[in-house]
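Right, one structure below, let's go through it.
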Amino acid sequence: RHFGFDRTTAAMGGLVASIAATDGLFGFGYASYTFLGFGLYSQLWAMVLLPPALASGYGVLRQGRGYFWATLLLAATLMSHLMYGYMAFLTLGMLTLVQPTRLTNPKSILETLWRRWSRLIILFLLVVAATSYFLVPFFLDWPYLNKSIWLDSRQHDSYGHAAVLRGLVLGHLFDFGRFPSFTILVFVGFVICLFRWRKELFLIPVAVFVLWLLLYFGRPTWGSLTNLLPLSQDILMFRFIGGVHLGGILLMAVAMGTSWRWAVAQANVWYTVAALVLTLSLLLPVYIERRSSLERNTATLEQCQRQEKAEDPDVAALLEELKRLPPGRIYAGQFDYAGEHWGSNYLAGCTLLQSLALTEGLDTMASLYHRYSLTSDVLDDFDEARLEQYDLFNVRYVIAPEGQSFPNFVKPLQQFGRHRLYQVKTTGYFDLVGSEMAFAGAKSDFLPAASSWLSSALPKVKEYPVVSIGGPSQEIPTLLSDAPEAISKAEASLGPDRGTVLAEEIGNNYFAADVAVERESVLLLKASYHPNWRATVDGVDSDTMMLMPSFVGIELPPGVHHVRIEYQPRRLRTVLLVLGLLILVGIAIGEMRGRSISNWLHLRVLGRFNTLIKRH
């Protein structure tokens with residue numbers, strides 16, 4: 001309706017929205033948000049917000065007003081799901097090219113195009129300003145955001161035109177596992193829109209659908225041309241199916257809306273009956289299949305809940321015991337997408353034990369939920385047979401199913417039904433270490449270097465190289481890409497005792513320790529490095545550094561010291577948040593009172609200024 005379609009077409013769009021069926025492609029279909037679809041909660045918000053955000057944005061492009069709602073909806077979409085906000089602006093960029101067909105003069109076409117692009121740029125800047133409290137820190141932190149190697153390459157690159165077009169023709173993009181009702185409607189709507197191309201309105205569904213279908217082809221088709229897209233190296237192109245589904249919904253709405261308007265216009269009841277029969281014939285298979293899908297989802301969910309309820313007393317007792325024990329990280333196995341590690345199948349009902357521990361607020365070594373941390377991919381190289389790696393990550397507790405074997409230093413502590421709790425002796429969240437090596441380089445070189453270090457003898461002798469994400473410098477001339485070779489040649493010797501961590505304190509947003517240092521050392525905090533960690537030594541500010549494998553380090557001289565390390569978000573973020581809110585208020589006032597403000601400025605300010613000039 002906001003795009004300008006009639007009520008009938010809009011109603012038909014409502015009948016087909018969000019019930020596409022795919023083979024787990026994470027599109028607009030509601031299977032993406034139910035239990036069996038893994039529950040993409042933030043994408044759910046973005047899916048609901050994206051269509052009105054686009055329609056409001058398109059209204060701004062055409063009419064030059066409505067900036068407040070367009071800014072608010074686009075900002076909300078961006079904050080719900082970064083990819084969907086990205087897709088919104090690419091779509092609006094395409095819609096600037098949808099020109100009224102009454103314009104035949106090249107000069108008029110260029111003027112209209114420039115006017116729309118100007119409005120789009122203004123809208124983009126307003127949205128960026130409104131969300132700057134998130135975007136500015138996000139891009140400042142970009143060097144420390146991990147691009148995981150464990151994700152399927154097709155998630156970054158998509159599937160190529162051959163697979164996508166074959167899936168479209170066979171019905172797998174809209175009607176997987178059922179009669180291709182939606183696919184037929186998409187093609188019919190596409191043809192109708194092409195026949196009515198002289199009306200700007202009917203070019204919108206075609207533009208949206210074609211844009212995202214082409215981009216969904218991904219890198220296998222477009223190769224280096226994808227580098228023209230902003231942030232092309234880091235976006236997950238398989239998410240572009242959301243744009244394909246949105247364009248498809250618009251095309252389906254046009255197909256059914258056109259048939260219903262034609263039937264009603266004939267003023268003959270039989271034409272209306274025919275339209276009703278045709279609609280039911282196409283949509284009943286869809287609704288029957290979707291109902292069956294929901295029933296299967298519900299049955300599986302209820303079965304999982306019954307299984308979890310049966311184990312709940314044991315699991316609850318286990319997690320409560322972990323809360324009572326002294327602080328330390330918990331290891332419940334690793335999750336790998338192939339399902340080969342025992343942790344991938346360590347479930348209570350249908351839920352991973354590591355998920356349950358995380359839900360209870362326990363510090364759990366679970367890379368599955370922390371893929372944006374540089375440390376996360378390193379965790380997948382964790383060796384259960386090496387004591388120094390338990391100490392490195394402060395894995396003080398292990399929970400595992402009965403029958404899972406561990407080395408002797410992993411001591412049985414207690415049993416809860418089929419779940420066993422183990423304890424490992426570690427130095428805690430802090431340790432005194434050496435740092436005789438240093439490397440600087442690109443983020444892409446970090447994981448090979450960290451993996452080489454982890455598998456070497458250096459962690460055992462507590463040698464932690466300094467890492468700088470960026471180019472080499474006079475202080476750190478050795479490239480991170482050369483680290484694997486340098487680490488393999490490094491001599492590993494423990495050396496004299498460095499001292500003792502006398503006590504440690506773990507707070508909500510900080511770590512603190514009392515340390516007796518025997519010789520110059522680096523105090524290691526076994527938590528992921530970030531520039532926002534602020535350290536004080538005996539009450540005096542101290543610099544932090546990144547150590548392998550992306551942990552926090554602080555240089556300490558000999559003596560007894562009290563060290564506090566606290567995560568402090570940038571003050572800039574608060575300033576930008578206030579600025580963004582003020583901008584939204586300013587847009588609202590400007591649009592409501594724009595003419596009055598303009599008149600006031602003209603009469604009072606400019607008028608007095610002109611009078612002052614005339615007097616002099």
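Chain lettering (A, B, ...) mirrors the order of the structure tokens, residue numbering begins at 1 for each chain separately, and ligand numbering begins at 1 in order of display.
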
Who sits within 10 Å of Leu170 in chain A, only C-alpha atoms, same chain under 5 positions skipped, as a PyMOL selection string: chain A and resi 164-165+175-176+180+183

Near-range 432-439 of chain A list (9 Å; only C-alpha atoms; drop same-chain fewer than 3 positions) as a VMD selection string: chain A and resid 461 to 469 472 475 to 483 487 498 to 501 515 517 520 to 524 547

Alpha helix (DSSP H) residues, from DSSP on the backbone, in range 295-341 of chain A, as a ChimeraX atom specification: /A:295-324

Which residues of range 125-166 of chain A sit at most 12 Å from range 80-96 of chain A, using only C-alpha atoms? Give each one's shortest atom pair and distance in Å (one decimal place), in chain and ascending residue order, as CSV.
```
residue,atom,partner,partner_atom,distance
A:Leu125,CA,A:Phe89,CA,11.3
A:Val127,CA,A:Gly85,CA,10.0
A:Val128,CA,A:Gly85,CA,10.8
A:Thr131,CA,A:Gly85,CA,11.1
A:Phe134,CA,A:Leu82,CA,10.5
A:Leu135,CA,A:Leu82,CA,9.7
A:Phe138,CA,A:Leu82,CA,10.8
```

Which residue of A:Pro143, A:Gly428, A:Tyr529, A:Gly177 approaches Gly471 in chain A most closely, using only C-alpha atoms: A:Pro143
